[in-house]
$ cat my_file.tsv   # TSV, C-alpha atoms and all ligand atoms
chain	number	residue	atom	x	y	z
A	557	MET	CA	-13.01	101.87	-58.73
A	558	THR	CA	-15.27	99.05	-59.86
A	559	ASP	CA	-17.42	101.55	-61.69
A	560	THR	CA	-14.71	102.52	-64.13
A	561	PRO	CA	-15.19	100.84	-67.48
A	562	GLY	CA	-12.16	99.03	-68.79
A	563	SER	CA	-10.54	98.31	-65.46
A	564	VAL	CA	-10.80	95.18	-63.41
A	565	ASP	CA	-9.53	96.09	-59.99
A	566	SER	CA	-7.87	93.18	-58.27
A	567	ASP	CA	-8.12	94.82	-54.85
A	568	GLU	CA	-11.86	94.66	-55.19
A	569	GLU	CA	-11.68	90.94	-55.76
A	570	GLU	CA	-9.59	90.52	-52.65
A	571	LEU	CA	-12.39	92.24	-50.80
A	572	ARG	CA	-15.36	90.49	-52.32
A	573	PRO	CA	-15.19	87.21	-54.24
A	574	THR	CA	-18.74	87.61	-55.55
A	575	ARG	CA	-18.97	89.94	-58.52
A	576	VAL	CA	-20.68	90.70	-61.78
A	577	GLU	CA	-18.48	91.04	-64.84
A	578	VAL	CA	-19.83	93.00	-67.78
A	579	ASP	CA	-18.18	92.68	-71.17
A	580	LEU	CA	-18.57	96.06	-72.84
A	581	ASP	CA	-17.43	94.67	-76.20
A	582	VAL	CA	-20.38	92.30	-76.12
A	583	LEU	CA	-22.70	95.25	-75.52
A	584	THR	CA	-21.12	96.98	-78.52
A	585	ALA	CA	-21.66	93.91	-80.70
A	586	ASN	CA	-25.28	93.57	-79.55
A	587	LEU	CA	-25.96	97.22	-80.33
A	588	ARG	CA	-24.42	96.76	-83.77
A	589	SER	CA	-26.61	93.71	-84.48
A	590	ILE	CA	-29.70	95.64	-83.46
A	591	ARG	CA	-28.72	98.60	-85.62
A	592	ASP	CA	-28.10	96.35	-88.62
A	593	HIS	CA	-31.53	94.84	-88.14
A	594	VAL	CA	-33.51	98.07	-87.77
A	595	GLY	CA	-31.82	99.97	-90.61
A	596	GLN	CA	-32.87	103.61	-90.62
A	597	ALA	CA	-34.62	103.62	-87.25
A	598	ARG	CA	-32.81	105.39	-84.43
A	599	VAL	CA	-31.90	103.49	-81.27
A	600	MET	CA	-32.87	104.58	-77.77
A	601	ALA	CA	-30.90	102.44	-75.31
A	602	ILE	CA	-33.08	101.38	-72.39
A	603	LEU	CA	-31.04	101.57	-69.19
A	604	LYS	CA	-33.66	101.44	-66.45
A	605	ALA	CA	-33.22	99.34	-63.31
A	606	ASN	CA	-29.46	99.86	-63.13
A	607	ALA	CA	-29.13	99.00	-66.83
A	608	TYR	CA	-30.90	95.69	-66.23
A	609	GLY	CA	-28.41	94.98	-63.45
A	610	HIS	CA	-25.34	95.79	-65.57
A	611	GLY	CA	-24.56	99.11	-63.84
A	612	LEU	CA	-26.22	102.34	-64.94
A	613	VAL	CA	-23.42	104.89	-65.28
A	614	PRO	CA	-20.70	102.74	-66.89
A	615	VAL	CA	-23.15	101.20	-69.36
A	616	ALA	CA	-24.63	104.62	-70.19
A	617	CYS	CA	-21.17	106.12	-70.80
A	618	HIS	CA	-20.30	103.17	-73.01
A	619	MET	CA	-23.54	103.46	-74.99
A	620	VAL	CA	-22.93	107.17	-75.53
A	621	ARG	CA	-19.44	106.37	-76.85
A	622	GLN	CA	-21.09	103.92	-79.25
A	623	GLY	CA	-23.27	106.75	-80.50
A	624	VAL	CA	-26.74	105.80	-79.28
A	625	ASP	CA	-29.25	108.51	-80.17
A	626	SER	CA	-30.87	108.67	-76.76
A	627	ILE	CA	-31.43	106.87	-73.48
A	628	GLY	CA	-34.68	105.66	-71.92
A	629	LEU	CA	-35.15	105.34	-68.18
A	630	ALA	CA	-38.01	104.64	-65.79
A	631	LEU	CA	-37.21	107.08	-63.01
A	632	LEU	CA	-36.24	110.71	-62.63
A	633	GLU	CA	-33.45	109.89	-60.17
A	634	GLU	CA	-31.78	107.55	-62.69
A	635	ALA	CA	-31.78	110.38	-65.21
A	636	VAL	CA	-30.39	112.90	-62.73
A	637	LEU	CA	-27.61	110.45	-61.89
A	638	LEU	CA	-26.64	110.25	-65.56
A	639	ARG	CA	-26.68	114.04	-66.03
A	640	ARG	CA	-24.44	114.37	-62.96
A	641	ALA	CA	-22.13	111.78	-64.53
A	642	GLY	CA	-21.84	114.04	-67.58
A	643	VAL	CA	-24.18	112.19	-69.95
A	644	GLU	CA	-25.53	114.79	-72.38
A	645	VAL	CA	-27.61	112.82	-74.89
A	646	PRO	CA	-31.42	113.14	-74.74
A	647	ILE	CA	-32.88	111.12	-71.87
A	648	LEU	CA	-36.55	110.17	-71.92
A	649	VAL	CA	-38.12	109.24	-68.58
A	650	PHE	CA	-41.05	106.84	-69.05
A	651	GLY	CA	-42.72	107.08	-65.69
A	652	GLY	CA	-45.59	109.27	-64.62
A	653	ILE	CA	-44.57	112.66	-63.25
A	654	THR	CA	-45.55	114.49	-60.10
A	655	VAL	CA	-45.67	118.25	-59.49
A	656	LYS	CA	-42.67	118.21	-57.18
A	657	GLN	CA	-40.47	116.56	-59.81
A	658	MET	CA	-40.96	119.28	-62.43
A	659	PRO	CA	-38.02	121.56	-61.52
A	660	GLN	CA	-35.58	118.63	-61.62
A	661	PHE	CA	-36.84	117.52	-65.03
A	662	LEU	CA	-36.50	120.99	-66.48
A	663	ASP	CA	-33.22	121.96	-64.83
A	664	HIS	CA	-31.52	118.78	-66.07
A	665	GLY	CA	-32.86	119.13	-69.59
A	666	LEU	CA	-34.64	115.77	-69.44
A	667	THR	CA	-37.36	114.67	-71.82
A	668	LEU	CA	-40.72	114.17	-70.16
A	669	THR	CA	-43.50	111.74	-70.89
A	670	ALA	CA	-46.88	113.47	-71.27
A	671	PRO	CA	-49.51	110.79	-70.72
A	672	SER	CA	-52.59	113.03	-70.40
A	673	VAL	CA	-53.85	116.50	-71.26
A	674	GLU	CA	-53.73	117.49	-67.61
A	675	LYS	CA	-50.07	116.50	-67.22
A	676	LEU	CA	-49.16	118.15	-70.49
A	677	ARG	CA	-50.73	121.44	-69.39
A	678	PHE	CA	-48.94	121.23	-66.15
A	679	ILE	CA	-45.58	120.62	-67.86
A	680	ASP	CA	-46.35	123.65	-70.06
A	681	ALA	CA	-47.13	125.83	-67.05
A	682	ALA	CA	-44.03	124.72	-65.16
A	683	ALA	CA	-41.83	125.38	-68.18
A	684	ALA	CA	-43.44	128.80	-68.68
A	685	ALA	CA	-42.82	129.67	-65.03
A	686	ARG	CA	-39.16	128.78	-65.42
A	687	GLY	CA	-38.85	130.48	-68.79
A	688	VAL	CA	-37.73	127.32	-70.60
A	689	GLN	CA	-39.02	124.94	-73.25
A	690	ALA	CA	-39.88	121.44	-72.04
A	691	ARG	CA	-39.02	118.52	-74.32
A	692	VAL	CA	-41.88	116.07	-74.36
A	693	HIS	CA	-42.90	112.73	-75.82
A	694	LEU	CA	-46.65	112.12	-75.87
A	695	LYS	CA	-47.65	108.70	-74.54
A	696	VAL	CA	-50.53	106.82	-76.12
A	697	ASP	CA	-51.99	103.72	-74.49
A	698	THR	CA	-52.89	101.29	-77.27
A	699	GLY	CA	-53.55	98.25	-75.10
A	700	MET	CA	-51.31	98.09	-72.04
A	701	GLU	CA	-53.46	100.05	-69.57
A	702	ARG	CA	-50.41	101.33	-67.71
A	703	ILE	CA	-49.84	104.97	-68.50
A	704	GLY	CA	-50.78	107.05	-71.51
A	705	ILE	CA	-53.90	108.52	-72.98
A	706	HIS	CA	-56.18	105.88	-74.50
A	707	TYR	CA	-55.84	105.66	-78.27
A	708	TYR	CA	-59.56	106.36	-78.61
A	709	SER	CA	-59.19	109.74	-76.85
A	710	ALA	CA	-55.66	110.55	-78.00
A	711	ARG	CA	-56.79	113.27	-80.39
A	712	GLN	CA	-57.44	115.50	-77.36
A	713	LEU	CA	-53.83	115.21	-76.26
A	714	LEU	CA	-52.47	115.83	-79.75
A	715	GLU	CA	-54.75	118.87	-80.15
A	716	ALA	CA	-53.77	120.20	-76.75
A	717	SER	CA	-50.07	119.83	-77.56
A	718	LEU	CA	-50.50	122.28	-80.45
A	719	THR	CA	-51.55	125.00	-78.04
A	720	CYS	CA	-48.76	124.56	-75.46
A	721	ARG	CA	-46.23	127.31	-76.07
A	722	HIS	CA	-43.54	126.03	-73.69
A	723	VAL	CA	-43.59	122.43	-74.82
A	724	ILE	CA	-41.68	120.93	-77.74
A	725	VAL	CA	-43.29	117.66	-78.78
A	726	GLU	CA	-40.25	115.74	-79.96
A	727	GLY	CA	-41.80	112.32	-79.94
A	728	ILE	CA	-44.90	110.23	-79.57
A	729	TYR	CA	-44.90	106.66	-78.35
A	730	SER	CA	-46.75	103.62	-77.18
A	731	HIS	CA	-45.76	100.32	-75.58
A	732	PHE	CA	-46.50	96.69	-76.48
A	733	ALA	CA	-48.05	94.32	-73.95
A	734	ASN	CA	-47.62	91.08	-75.91
A	735	ALA	CA	-45.03	91.49	-78.64
A	736	ASP	CA	-43.00	88.65	-77.11
A	737	SER	CA	-45.59	85.95	-77.68
A	738	ALA	CA	-45.96	83.64	-80.66
A	739	ASP	CA	-49.43	85.04	-81.28
A	740	LEU	CA	-48.93	88.61	-82.47
A	741	GLY	CA	-52.62	89.41	-82.84
A	742	HIS	CA	-52.76	91.83	-79.92
A	743	ALA	CA	-49.45	93.48	-80.82
A	744	ARG	CA	-50.65	94.05	-84.39
A	745	LEU	CA	-53.84	95.60	-83.05
A	746	GLN	CA	-51.79	97.91	-80.85
A	747	LEU	CA	-49.65	98.98	-83.79
A	748	GLU	CA	-52.76	99.62	-85.91
A	749	ARG	CA	-54.27	101.77	-83.19
A	750	PHE	CA	-51.03	103.72	-82.86
A	751	LEU	CA	-50.78	104.38	-86.61
A	752	GLU	CA	-54.40	105.50	-86.62
A	753	VAL	CA	-53.63	108.05	-83.89
A	754	LEU	CA	-50.60	109.25	-85.86
A	755	SER	CA	-52.70	109.93	-88.96
A	756	PHE	CA	-53.72	113.12	-87.14
A	757	TYR	CA	-50.44	114.74	-88.18
A	758	ASP	CA	-50.69	113.88	-91.85
A	759	SER	CA	-54.35	114.83	-92.04
A	760	ARG	CA	-53.42	118.30	-90.75
A	761	SER	CA	-50.15	118.48	-92.67
A	762	LEU	CA	-48.28	118.88	-89.40
A	763	PRO	CA	-44.70	117.72	-88.90
A	764	MET	CA	-44.57	114.20	-87.50
A	765	PRO	CA	-42.86	113.79	-84.10
A	766	VAL	CA	-40.46	110.85	-83.68
A	767	ARG	CA	-42.70	107.76	-83.56
A	768	HIS	CA	-41.71	104.77	-81.46
A	769	ILE	CA	-43.35	101.62	-80.09
A	770	ALA	CA	-40.91	98.71	-80.52
A	771	ASN	CA	-39.34	97.14	-77.43
A	772	SER	CA	-36.94	94.19	-77.86
A	773	ALA	CA	-39.79	91.86	-78.79
A	774	GLY	CA	-41.14	94.32	-81.36
A	775	ILE	CA	-37.64	94.69	-82.82
A	776	LEU	CA	-37.37	90.92	-83.18
A	777	GLN	CA	-40.85	89.98	-84.27
A	778	MET	CA	-42.42	93.00	-85.96
A	779	PRO	CA	-40.19	94.87	-88.41
A	780	GLU	CA	-43.23	96.99	-89.35
A	781	SER	CA	-43.18	98.37	-85.79
A	782	HIS	CA	-39.68	99.86	-85.97
A	783	LEU	CA	-41.00	103.23	-87.24
A	784	ASP	CA	-38.60	106.15	-86.50
A	785	MET	CA	-36.97	104.76	-83.36
A	786	VAL	CA	-36.70	101.49	-81.43
A	787	ARG	CA	-36.32	100.96	-77.67
A	788	PRO	CA	-34.24	97.86	-77.00
A	789	GLY	CA	-33.80	96.85	-73.36
A	790	ILE	CA	-33.15	93.21	-72.65
A	791	LEU	CA	-31.90	92.50	-76.19
A	792	LEU	CA	-29.10	95.01	-75.78
A	793	TYR	CA	-27.83	92.93	-72.87
A	794	GLY	CA	-27.88	89.81	-75.03
A	795	VAL	CA	-30.96	88.13	-73.61
A	796	TYR	CA	-34.12	87.28	-75.56
A	797	PRO	CA	-37.43	88.54	-74.14
A	798	SER	CA	-39.06	85.09	-74.11
A	799	ASP	CA	-38.66	81.57	-75.41
A	800	GLU	CA	-41.46	82.14	-77.90
A	801	CYS	CA	-39.77	85.15	-79.48
A	802	VAL	CA	-38.25	84.81	-82.94
A	803	ARG	CA	-34.47	85.25	-82.64
A	804	ALA	CA	-34.13	87.51	-85.65
A	805	VAL	CA	-31.12	89.34	-84.19
A	806	ASN	CA	-27.97	87.61	-83.00
A	807	VAL	CA	-26.91	88.77	-79.54
A	808	SER	CA	-24.91	87.30	-76.66
A	809	PRO	CA	-25.16	87.84	-72.91
A	810	ALA	CA	-22.84	90.55	-71.64
A	811	LEU	CA	-23.05	89.67	-67.96
A	812	THR	CA	-21.38	86.93	-65.91
A	813	TRP	CA	-22.09	86.52	-62.22
A	814	LYS	CA	-19.27	84.82	-60.37
A	815	SER	CA	-18.16	83.88	-56.91
A	816	ARG	CA	-15.54	81.64	-55.35
A	817	VAL	CA	-15.52	78.59	-53.11
A	818	ALA	CA	-15.36	79.82	-49.52
A	819	TYR	CA	-15.57	76.50	-47.68
A	820	PHE	CA	-15.26	72.79	-48.45
A	821	LYS	CA	-16.42	69.84	-46.38
A	822	VAL	CA	-17.75	66.30	-46.47
A	823	VAL	CA	-21.37	65.94	-45.38
A	824	GLN	CA	-22.40	62.61	-43.90
A	825	PRO	CA	-25.76	60.92	-44.49
A	826	GLY	CA	-28.37	61.94	-41.93
A	827	HIS	CA	-26.92	65.46	-41.67
A	828	PRO	CA	-29.24	67.81	-43.54
A	829	VAL	CA	-27.99	71.00	-45.13
A	830	SER	CA	-29.14	74.57	-44.38
A	831	TYR	CA	-32.28	76.16	-42.90
A	832	GLY	CA	-35.33	73.96	-42.74
A	833	SER	CA	-33.21	70.83	-43.31
A	834	THR	CA	-34.74	70.41	-46.75
A	835	TRP	CA	-31.93	68.34	-48.28
A	836	GLN	CA	-29.71	65.48	-47.21
A	837	SER	CA	-27.61	62.85	-48.88
A	838	ASP	CA	-27.79	59.08	-48.48
A	839	ARG	CA	-24.01	58.78	-48.67
A	840	PRO	CA	-21.02	60.93	-47.82
A	841	VAL	CA	-20.71	63.77	-50.33
A	842	ARG	CA	-18.51	66.79	-50.83
A	843	VAL	CA	-20.31	70.09	-50.31
A	844	ILE	CA	-18.95	73.58	-50.92
A	845	THR	CA	-20.19	76.87	-49.54
A	846	ILE	CA	-20.38	79.95	-51.76
A	847	PRO	CA	-20.48	83.47	-50.29
A	848	ALA	CA	-23.57	84.65	-52.18
A	849	GLY	CA	-27.24	84.38	-51.38
A	850	TYR	CA	-30.64	85.98	-51.70
A	851	GLY	CA	-29.22	89.18	-50.18
A	852	ASP	CA	-27.28	89.43	-53.43
A	853	GLY	CA	-30.35	88.69	-55.51
A	854	TYR	CA	-29.81	84.94	-55.89
A	855	PHE	CA	-33.44	84.03	-55.29
A	856	ARG	CA	-34.32	81.82	-52.33
A	857	SER	CA	-36.74	80.08	-54.68
A	858	LEU	CA	-33.67	78.61	-56.40
A	859	SER	CA	-33.09	76.42	-53.32
A	860	ASN	CA	-32.74	72.76	-54.34
A	861	ARG	CA	-33.43	73.75	-57.97
A	862	SER	CA	-30.59	75.63	-59.59
A	863	GLU	CA	-27.12	74.67	-60.70
A	864	VAL	CA	-23.77	76.44	-60.71
A	865	ILE	CA	-20.58	75.75	-62.66
A	866	VAL	CA	-17.41	74.73	-60.86
A	867	ARG	CA	-14.30	73.68	-62.79
A	868	GLY	CA	-16.31	73.45	-65.99
A	869	ARG	CA	-18.98	71.14	-64.56
A	870	ARG	CA	-22.53	71.78	-63.39
A	871	PHE	CA	-23.48	70.98	-59.80
A	872	PRO	CA	-26.75	71.46	-57.90
A	873	VAL	CA	-27.47	74.00	-55.20
A	874	VAL	CA	-28.58	71.95	-52.19
A	875	GLY	CA	-30.64	73.04	-49.21
A	876	ARG	CA	-32.08	76.50	-48.82
A	877	VAL	CA	-30.25	79.48	-50.26
A	878	CYS	CA	-29.37	81.70	-47.27
A	879	MET	CA	-29.11	85.49	-47.25
A	880	ASP	CA	-25.36	85.56	-47.81
A	881	GLN	CA	-24.31	81.99	-48.50
A	882	MET	CA	-25.40	78.86	-50.27
A	883	MET	CA	-24.27	75.26	-50.56
A	884	VAL	CA	-23.48	73.18	-53.63
A	885	CYS	CA	-23.10	69.41	-53.74
A	886	LEU	CA	-20.11	68.14	-55.72
A	887	GLU	CA	-20.92	64.46	-55.10
A	888	GLN	CA	-17.38	63.04	-55.42
A	889	GLY	CA	-16.10	65.99	-57.46
A	890	THR	CA	-13.16	68.14	-56.47
A	891	ALA	CA	-12.90	71.83	-55.75
A	892	TYR	CA	-10.57	73.96	-53.71
A	893	ASN	CA	-11.13	77.01	-51.62
A	894	GLY	CA	-10.90	80.00	-53.91
A	895	ASP	CA	-12.00	78.12	-57.05
A	896	GLU	CA	-14.21	80.17	-59.31
A	897	VAL	CA	-17.95	79.44	-59.30
A	898	ILE	CA	-20.23	80.66	-62.05
A	899	LEU	CA	-23.73	81.51	-60.90
A	900	LEU	CA	-24.84	82.98	-64.22
A	901	GLY	CA	-22.95	82.97	-67.48
A	902	GLN	CA	-20.76	80.88	-69.70
A	903	GLY	CA	-18.29	78.49	-68.08
A	904	ASP	CA	-14.95	77.36	-69.48
A	905	GLY	CA	-16.06	73.73	-69.65
A	906	ASP	CA	-18.11	71.97	-72.29
A	907	GLN	CA	-21.32	71.74	-70.27
A	908	GLY	CA	-22.67	75.03	-71.54
A	909	GLY	CA	-23.43	78.06	-69.46
A	910	ILE	CA	-26.15	79.02	-67.07
A	911	SER	CA	-28.39	81.54	-68.75
A	912	ALA	CA	-30.70	84.14	-67.28
A	913	ALA	CA	-33.47	82.07	-68.87
A	914	ASP	CA	-32.28	78.95	-66.95
A	915	LEU	CA	-32.34	80.78	-63.63
A	916	ALA	CA	-35.71	82.29	-64.53
A	917	THR	CA	-37.19	78.88	-65.29
A	918	TRP	CA	-35.84	77.39	-62.04
A	919	ALA	CA	-37.13	80.33	-60.02
A	920	GLY	CA	-40.48	80.58	-61.80
A	921	THR	CA	-39.89	84.06	-63.19
A	922	ILE	CA	-38.57	85.81	-66.33
A	923	PRO	CA	-34.98	86.71	-67.30
A	924	TYR	CA	-35.74	90.39	-66.73
A	925	GLU	CA	-36.32	89.78	-63.04
A	926	VAL	CA	-33.20	87.63	-62.71
A	927	LEU	CA	-30.98	90.39	-64.13
A	928	THR	CA	-32.58	93.33	-62.36
A	929	SER	CA	-32.56	91.51	-59.01
A	930	ILE	CA	-28.78	91.24	-58.77
A	931	ASN	CA	-28.29	93.50	-55.80
A	932	THR	CA	-26.17	96.63	-55.96
A	933	ARG	CA	-24.04	95.20	-53.14
A	934	VAL	CA	-22.49	92.90	-55.76
A	935	PRO	CA	-19.56	94.82	-57.30
A	936	ARG	CA	-19.68	95.30	-61.08
A	937	VAL	CA	-16.44	95.07	-62.98
A	938	TYR	CA	-16.02	95.92	-66.66
A	939	ARG	CA	-14.00	94.35	-69.42
A	940	GLY	CA	-13.34	95.64	-72.90
A	941	GLY	CA	-14.70	98.93	-74.16
B	1001	LIG	C1	-38.66	98.56	-70.37
B	1001	LIG	C2	-39.16	99.27	-71.53
B	1001	LIG	C3	-38.64	99.02	-72.81
B	1001	LIG	C4	-37.63	97.93	-73.09
B	1001	LIG	O1	-38.23	96.67	-72.97
B	1001	LIG	P1	-37.44	95.35	-73.38
B	1001	LIG	O2	-38.47	94.29	-73.42
B	1001	LIG	O3	-36.43	95.12	-72.31
B	1001	LIG	O4	-36.80	95.62	-74.69
B	1001	LIG	C5	-39.08	99.81	-73.85
B	1001	LIG	N1	-39.98	100.76	-73.65
B	1001	LIG	C6	-40.54	101.03	-72.45
B	1001	LIG	C7	-41.55	102.11	-72.30
B	1001	LIG	C8	-40.15	100.29	-71.34
B	1001	LIG	O5	-40.69	100.54	-70.15

$ encode --input "my_file.tsv" --output "structure tokens" --more "lines below"
Ligand SMILES: *Cc1c(COP(=O)(O)O)cnc(C)c1O
Amino acid sequence: MTDTPGSVDSDEEELRPTRVEVDLDVLTANLRSIRDHVGQARVMAILKANAYGHGLVPVACHMVRQGVDSIGLALLEEAVLLRRAGVEVPILVFGGITVKQMPQFLDHGLTLTAPSVEKLRFIDAAAAARGVQARVHLKVDTGMERIGIHYYSARQLLEASLTCRHVIVEGIYSHFANADSADLGHARLQLERFLEVLSFYDSRSLPMPVRHIANSAGILQMPESHLDMVRPGILLYGVYPSDECVRAVNVSPALTWKSRVAYFKVVQPGHPVSYGSTWQSDRPVRVITIPAGYGDGYFRSLSNRSEVIVRGRRFPVVGRVCMDQMMVCLEQGTAYNGDEVILLGQGDGDQGGISAADLATWAGTIPYEVLTSINTRVPRVYRGG
């Protein structure tokens, strides 16, 4: 029952020493900080990619208990999973839609993204055929070139939406490409373009749909972008989008990735460690083996680069990270089989924690990829809530 919030099942730990612990109270505090910062704007919790690795269903249920206004997801199947788990709040799916997906969207009462006139008409027709009203957010591309109608042709989509009798346009949104950088020039341009598109409603005295554009970076760096609703993803989990980003909201990481020492030995000089023999010592050293590897999402590119925390101290990963195991050199340090090892998160010692940003830097990627790469084979356990 590792999916049940509030319970840490010890049997699970006897089965699998590697696990992710999610502190639901930290998620609550992060949500509160974001709410305090955005004032009147509603909050759509972004839970795509298994809630950034934190576990989709338990995190969604917790967010609903905390009163989030809605949930944003990338994929239809994530949304269906939440409906089946009893989540009833509005769920917006960001991704493009295909004809075959329409019945599922409508039957589960999900909110669709309409990124073009063609797709909007086809949502309208599908809803008409089923005798229902489809809830839709129009998607305007203001400078990301991913999905959405270009801002310079958006009027067509807005006009078309007025003629669709089986579509309720609840919202209209866009997405920032560069709101996490120190230079906000492009983000400001995107916001300007979005506001210009929205002037359509005022100029026709039409009711304004819910306007939203701010991701975590927009929340932090551009208060003028909060509009009617914000869409925090990474910030909700207590991680900042980039090093350049202003840290205008105080959040803490909710996730800790742990394992335990599975083997201890002394490695002699001239005896290289792991595949490819990429590391060896010039004197006898103590080396431990940890039962986690790239099959769990601990990147192979962390080989000979990253550190873990054992007994409050940081030690380097040596040799190549294997699929299911990796080695750590303790030099002359001590550890026993079964000792806790922190791969990501705050340790008990005074040497600080290992952040998603640390792992990202070592692996040459971004914190988002570190979190979302933690494989589903790693059990998630929940504290607090
Ligand atoms: C992922 C995503 C977000 C959240 O982004 P963060 O940088 O994690 O806050 C918001 N909106 C859309 C459309 C997204 O795809």

$ closest_atom_pairs --input "my_file.tsv" --of "chain A" --to "ligand LIG 1001 (chain B)" --cutoff "9 Å" --atoms "all atoms listed in the file" --output "tab-separated table"
residue	atom	partner	partner_atom	distance
A:Met600	CA	B:LIG1001	C5	8.8
A:Ala601	CA	B:LIG1001	C4	8.4
A:Ile602	CA	B:LIG1001	C4	5.8
A:Leu603	CA	B:LIG1001	C1	8.3
A:Lys604	CA	B:LIG1001	C1	7.0
A:Ala605	CA	B:LIG1001	C1	8.9
A:Tyr608	CA	B:LIG1001	O3	8.2
A:Gly628	CA	B:LIG1001	N1	7.4
A:Leu629	CA	B:LIG1001	O5	7.6
A:Ala630	CA	B:LIG1001	O5	6.6
A:Val649	CA	B:LIG1001	C7	8.7
A:Phe650	CA	B:LIG1001	C7	5.8
A:Gly651	CA	B:LIG1001	O5	8.2
A:Tyr729	CA	B:LIG1001	C7	8.3
A:Ser730	CA	B:LIG1001	C7	7.3
A:His731	CA	B:LIG1001	C7	5.6
A:Phe732	CA	B:LIG1001	N1	8.2
A:Ala735	CA	B:LIG1001	O2	8.8
A:Asp736	CA	B:LIG1001	O2	8.1
A:His768	CA	B:LIG1001	N1	8.9
A:Ile769	CA	B:LIG1001	N1	7.3
A:Ala770	CA	B:LIG1001	C5	7.0
A:Asn771	CA	B:LIG1001	O4	4.0
A:Ser772	CA	B:LIG1001	O4	3.5
A:Ala773	CA	B:LIG1001	O2	6.0
A:Gly774	CA	B:LIG1001	O4	8.1
A:Ile775	CA	B:LIG1001	O4	8.2
A:Val786	CA	B:LIG1001	C5	8.1
A:Arg787	CA	B:LIG1001	C5	4.9
A:Pro788	CA	B:LIG1001	O4	4.1
A:Gly789	CA	B:LIG1001	O3	3.3
A:Ile790	CA	B:LIG1001	O3	3.8
A:Leu791	CA	B:LIG1001	O4	6.0
A:Leu792	CA	B:LIG1001	O4	7.8
A:Tyr793	CA	B:LIG1001	O3	8.9
A:Val795	CA	B:LIG1001	O3	9.0
A:Tyr796	CA	B:LIG1001	O2	8.5
A:Pro797	CA	B:LIG1001	O2	5.9
A:Tyr924	CA	B:LIG1001	O3	7.3

$ atom_distance --input "my_file.tsv" --atom1 "atom CA of A:Lys814" --atom2 "atom CA of A:Ser589"
26.7 Å

$ atom_distance --input "my_file.tsv" --atom1 "atom CA of A:Leu612" --atom2 "atom CA of A:Tyr850"
21.5 Å

$ residues_around --input "my_file.tsv" --residues "A:Thr932" --least-positions-apart "3" --cutoff "12 Å" --atoms "all atoms listed in the file" --output "compact mmCIF listing (two decimals) with C-alpha atoms, in the frame of the given file"
# COMPACT_ATOMS: atom_id res chain seq x y z
CA THR A 558 -15.27 99.05 -59.86
CA ASP A 559 -17.42 101.55 -61.69
CA THR A 574 -18.74 87.61 -55.55
CA ARG A 575 -18.97 89.94 -58.52
CA VAL A 576 -20.68 90.70 -61.78
CA ALA A 605 -33.22 99.34 -63.31
CA ASN A 606 -29.46 99.86 -63.13
CA ALA A 607 -29.13 99.00 -66.83
CA TYR A 608 -30.90 95.69 -66.23
CA GLY A 609 -28.41 94.98 -63.45
CA HIS A 610 -25.34 95.79 -65.57
CA GLY A 611 -24.56 99.11 -63.84
CA LEU A 612 -26.22 102.34 -64.94
CA GLY A 851 -29.22 89.18 -50.18
CA ASP A 852 -27.28 89.43 -53.43
CA GLY A 853 -30.35 88.69 -55.51
CA LEU A 927 -30.98 90.39 -64.13
CA THR A 928 -32.58 93.33 -62.36
CA SER A 929 -32.56 91.51 -59.01
CA PRO A 935 -19.56 94.82 -57.30
CA ARG A 936 -19.68 95.30 -61.08

$ atom_distance --input "my_file.tsv" --atom1 "atom CA of A:Lys656" --atom2 "atom CA of A:Leu668"
13.7 Å

$ residues_around --input "my_file.tsv" --residues "stretch 801-811 of chain A" --least-positions-apart "3" --cutoff "6 Å" --atoms "only C-alpha atoms" --output "PyMOL selection string"
chain A and resi 577-579+582+586+736+776-777+793-795+798

$ residues_around --input "my_file.tsv" --residues "A:Leu666" --least-positions-apart "3" --cutoff "7 Å" --atoms "only C-alpha atoms" --output "PyMOL selection string"
chain A and resi 646-648+661-662

$ residues_around --input "my_file.tsv" --residues "A:Val843" --least-positions-apart "3" --cutoff "8 Å" --atoms "only C-alpha atoms" --output "PyMOL selection string"
chain A and resi 820-823+883-887

$ residues_around --input "my_file.tsv" --residues "A:Leu915" --least-positions-apart "3" --cutoff "7 Å" --atoms "all atoms listed in the file" --output "list in words"
Ser862, Ser911, Ala912, Trp918, Ala919 and Val926 of chain A

$ closest_residue --input "my_file.tsv" --among "A:Gly875, A:Pro840, A:Gly849, A:Pro779" --to "A:Arg933" --atoms "only C-alpha atoms"
A:Gly849

$ closest_residue --input "my_file.tsv" --among "A:Glu925, A:Glu780, A:Asp838, A:Glu863" --to "A:Val594" --atoms "only C-alpha atoms"
A:Glu780

$ closest_residue --input "my_file.tsv" --among "A:His664, A:His827, A:Arg876, A:Arg691" --to "A:Arg721" --atoms "only C-alpha atoms"
A:Arg691

$ closest_residue --input "my_file.tsv" --among "A:Leu583, A:Val897, A:Met619, A:Met700" --to "A:Ala818" --atoms "only C-alpha atoms"
A:Val897

$ closest_residue --input "my_file.tsv" --among "A:Gly908, A:Asn893, A:Met658, A:Ile844" --to "A:Arg869" --atoms "only C-alpha atoms"
A:Gly908

$ closest_residue --input "my_file.tsv" --among "A:Arg744, A:Val723, A:Leu714, A:His706" --to "A:Arg760" --atoms "only C-alpha atoms"
A:Leu714
